[in-house]
2 protein chains.
Amino acid sequence: MEAFENLSQAKQQRIINAALREFSDKSYRSASTNTITEQAGISKGALFHYFGSKQQLYHYLMDHTSQQIKAKVLDGLPRTDDLIELFQIISQRKAKLATSYPLMFDFLYRVFREQPEDLKYTELVRQTVELMNVLSSDTIDTSRFREGIDLAKAIDICSWMTEGYAKKYAQTHPQMAVEDMLVAADELFDTLRVMLYKEGV
Amino acid sequence: MEAFENLSQAKQQRIINAALREFSDKSYRSASTNTITEQAGISKGALFHYFGSKQQLYHYLMDHTSQQIKAKVLDGLPRTDDLIELFQIISQRKAKLATSYPLMFDFLYRVFREQPEDLKYTELVRQTVELMNVLSSDTIDTSRFREGIDLAKAIDICSWMTEGYAKKYAQTHPQMAVEDMLVAADELFDTLRVMLYKEGV
DNA sequence: ACGTCTATTGACCAGACCGGTCAATAGATG
DNA sequence: CATCTATTGACCGGTCTGGTCAATAGACGT
């Protein structure tokens with residue numbers, strides 16, 4: 001690890017990206033260190049010199065990416081009591097991050113789905129992924145909600161809707177710019193307001 | 001194939017289930033015929049005697065499962081102009097089918113996600129999977145919808161909500177009986193009514 | 001120019017596992 | 001007991017794996 005951190009930033013990044021891509025595409029077992037070294041443009045010996053083993057490389061990637069993403073999402077998040085507004089802000093940040101660092105997101109989602117016993121992800125990873133989907137929040141104004149809708153339900157609904165929307169958008173407009181998507185997504189949040197909030201709130 | 005169809009129904013089912021499970025768990029490439037024969041309790045030679053090759057076995061599974069599921073979902077579907085009611089019925093059928101034949105569903109979803117060039121799924125498979133998610137329907141009464149919500153939007157919303165709900169339920173109550181889940185899901189459809197339909201419809 | 005030292009290479013392991021074959025065997029049938 | 005078919009599993013040539021290590025390249029001090 002020390003050897004790796006003494007490398008130039010550019011080279012470190014090349015290796016990290018190659019590894020993230022491979023571990024995103026395939027299961028831990030099927031992911032190949034050969035492929036990683038080829039993609040990174042380094043020799044096999046070098047990789048094992050830097051990280052010791054495949055498993056240590058994997059754990060490094062988990063810690064590294066969780067740390068990065070968690071910081072970027074939470075940094076300077078504005079306070080608001082409007083649940084939908086909050087969701088809108090977080091979605092915007094996630095969308096921008098996901099286009100700036102798609103490899104990190106792909107990788108973390110895969111980590112979240114797998115979770116074999118012997119390479120259990122750290123608490124940090126769990127927190128990070130969860131943070132993307134759920135809001136623990138006592139600061140939300142629930143009086144806006146329609147009859148029969150409580151906070152937990154509203155959070156689920158917002159999560160499912162934004163998730164579904166993002167998935168559909170990615171499928172139908174695979175190459176569109178983030179900014180355009182965010183504009184288009186405004187319509188989604190308007191709809192959410194119609195559905196969740198009482199008339200005239 | 002002829003040899004296979006002459007086997008007892010029980011043995012055919014054992015082989016099909018073993019193969020479905022293996023092809024659901026792993027990519028086509030990584031799926032192992034050895035594992036399949038072990039799980040099915042037959043010899044390796046037998047499997048290749050029945051199907052000729054790994055690829056032919058895979059194609060047989062695609063055709064077989066699509067045919068079965070499509071029939072079961074569409075059979076005797078009642079007519080209604082209430083979109084949410086329709087979703088509720090289809091969800092109930094899907095839920096029951098998914099618990100009766102979980103292997104088939106897992107397999108088809110995997111087929112839909114992968115789609116390598118050389119083992120392109122048939123049109124039948126495409127139709128079947130799509131049919132699970134989308135409703136083409138001109139018979140829906142859209143006058144119930146709130147201001148600003150059209151049919152396409154409503155279909156998306158219902159899809160995303162039922163999908164999200166199913167996913168959450170599967171995670172939080174992994175071993176619950178279908179019947180209980182369907183009762184619990186009634187609440188979801190009530191919520192959908194509150195959100196999508198005008199007051200008092 | 002030369003010796004020293006560290007960073008990097010890639011040919012090379014032993015072993016796991018692959019899809020597919022086929023001579024040998026078991027079991028049913030007349 | 002002979003015949004015939006259904007089934008077996010040891011075996012094949014391959015590919016690919018994670019990991020090693022003697023050999024090499026390149027930077028640096030003198």
# chains A, B, ... in the order shown; residues from 1 in each chain; ligands from 1

call {"tool": "interface_residues", "arguments": {"of": "chain D", "to": "chain A", "cutoff": "9 Å", "atoms": "only C-alpha atoms (C1' of nucleotides)", "output": "mmCIF file with C-alpha atoms (C1' of nucleotides), in the first residue's frame"}}
result
data_model
loop_
_atom_site.group_PDB
_atom_site.id
_atom_site.type_symbol
_atom_site.label_atom_id
_atom_site.label_comp_id
_atom_site.auth_asym_id
_atom_site.auth_seq_id
_atom_site.Cartn_x
_atom_site.Cartn_y
_atom_site.Cartn_z
ATOM 1 C "C1'" DT D 17 -6.526 -18.296 -12.603
ATOM 2 C "C1'" DG D 18 -3.846 -15.888 -8.468
ATOM 3 C "C1'" DG D 19 0.595 -15.513 -7.342
ATOM 4 C "C1'" DT D 20 6.073 -15.806 -7.711
#

call {"tool": "interface_residues", "arguments": {"of": "chain B", "to": "chain A", "cutoff": "12 Å", "atoms": "only C-alpha atoms", "output": "count of residues only"}}
result
45

call {"tool": "closest_atom_pairs", "arguments": {"of": "chain A", "to": "chain C", "cutoff": "12 Å", "atoms": "only C-alpha atoms (C1' of nucleotides)", "output": "Markdown table"}}
result
| residue | atom | partner | partner_atom | distance |
| --- | --- | --- | --- | --- |
| A:Ala3 | CA | C:DA7 | C1' | 9.5 |
| A:Phe4 | CA | C:DA7 | C1' | 11.2 |
| A:Asn6 | CA | C:DA7 | C1' | 11.3 |
| A:Leu7 | CA | C:DA7 | C1' | 10.5 |
| A:Asn34 | CA | C:DG10 | C1' | 11.6 |
| A:Thr37 | CA | C:DG10 | C1' | 11.6 |
| A:Glu38 | CA | C:DG10 | C1' | 11.9 |
| A:Gly41 | CA | C:DT9 | C1' | 11.7 |
| A:Ile42 | CA | C:DT8 | C1' | 8.6 |
| A:Ser43 | CA | C:DT9 | C1' | 6.1 |
| A:Lys44 | CA | C:DG10 | C1' | 7.6 |
| A:Gly45 | CA | C:DT9 | C1' | 7.0 |
| A:Ala46 | CA | C:DT8 | C1' | 6.3 |
| A:Leu47 | CA | C:DT8 | C1' | 10.0 |
| A:Phe48 | CA | C:DT8 | C1' | 11.3 |
| A:His49 | CA | C:DT8 | C1' | 9.4 |
| A:Tyr50 | CA | C:DA7 | C1' | 10.9 |

call {"tool": "write_last_selection", "arguments": {"atoms": "C-alpha atoms", "output": "PDB file, in the first residue's frame"}}
result
ATOM      1  CA  ALA A   3       4.403   1.663  -2.561  1.00  0.00           C
ATOM      2  CA  PHE A   4       1.108   2.411  -4.289  1.00  0.00           C
ATOM      3  CA  ASN A   6       4.016   6.895  -3.698  1.00  0.00           C
ATOM      4  CA  LEU A   7       2.990   6.541  -7.328  1.00  0.00           C
ATOM      5  CA  ASN A  34      -4.761  -9.982 -15.587  1.00  0.00           C
ATOM      6  CA  THR A  37      -3.122  -4.975 -15.228  1.00  0.00           C
ATOM      7  CA  GLU A  38      -3.675  -4.918 -18.989  1.00  0.00           C
ATOM      8  CA  GLY A  41      -0.974  -0.629 -18.525  1.00  0.00           C
ATOM      9  CA  ILE A  42       1.169  -2.098 -15.772  1.00  0.00           C
ATOM     10  CA  SER A  43       2.718  -5.485 -15.231  1.00  0.00           C
ATOM     11  CA  LYS A  44       1.234  -8.215 -13.155  1.00  0.00           C
ATOM     12  CA  GLY A  45       4.092  -8.151 -10.706  1.00  0.00           C
ATOM     13  CA  ALA A  46       3.539  -4.449 -10.107  1.00  0.00           C
ATOM     14  CA  LEU A  47      -0.085  -4.899  -9.101  1.00  0.00           C
ATOM     15  CA  PHE A  48       0.776  -7.555  -6.548  1.00  0.00           C
ATOM     16  CA  HIS A  49       3.688  -5.475  -5.367  1.00  0.00           C
ATOM     17  CA  TYR A  50       1.322  -2.567  -4.656  1.00  0.00           C
TER      18      TYR A  50
END

call {"tool": "atom_distance", "arguments": {"atom1": "atom CA of A:Phe107", "atom2": "atom CA of B:Pro102"}}
result
27.0 Å

call {"tool": "atom_distance", "arguments": {"atom1": "atom CA of A:Gln92", "atom2": "atom CA of A:Asp186"}}
result
10.1 Å

call {"tool": "select_by_dssp", "arguments": {"residues": "chain B", "states": "alpha helix (DSSP H)", "output": "ChimeraX atom specification"}}
result
/B:2-5,9-25,33-40,44-51,54-74,83-100,102-113,123-133,151-172,178-196

call {"tool": "atom_distance", "arguments": {"atom1": "atom CA of B:Asp180", "atom2": "atom CA of B:Ile90"}}
result
16.6 Å
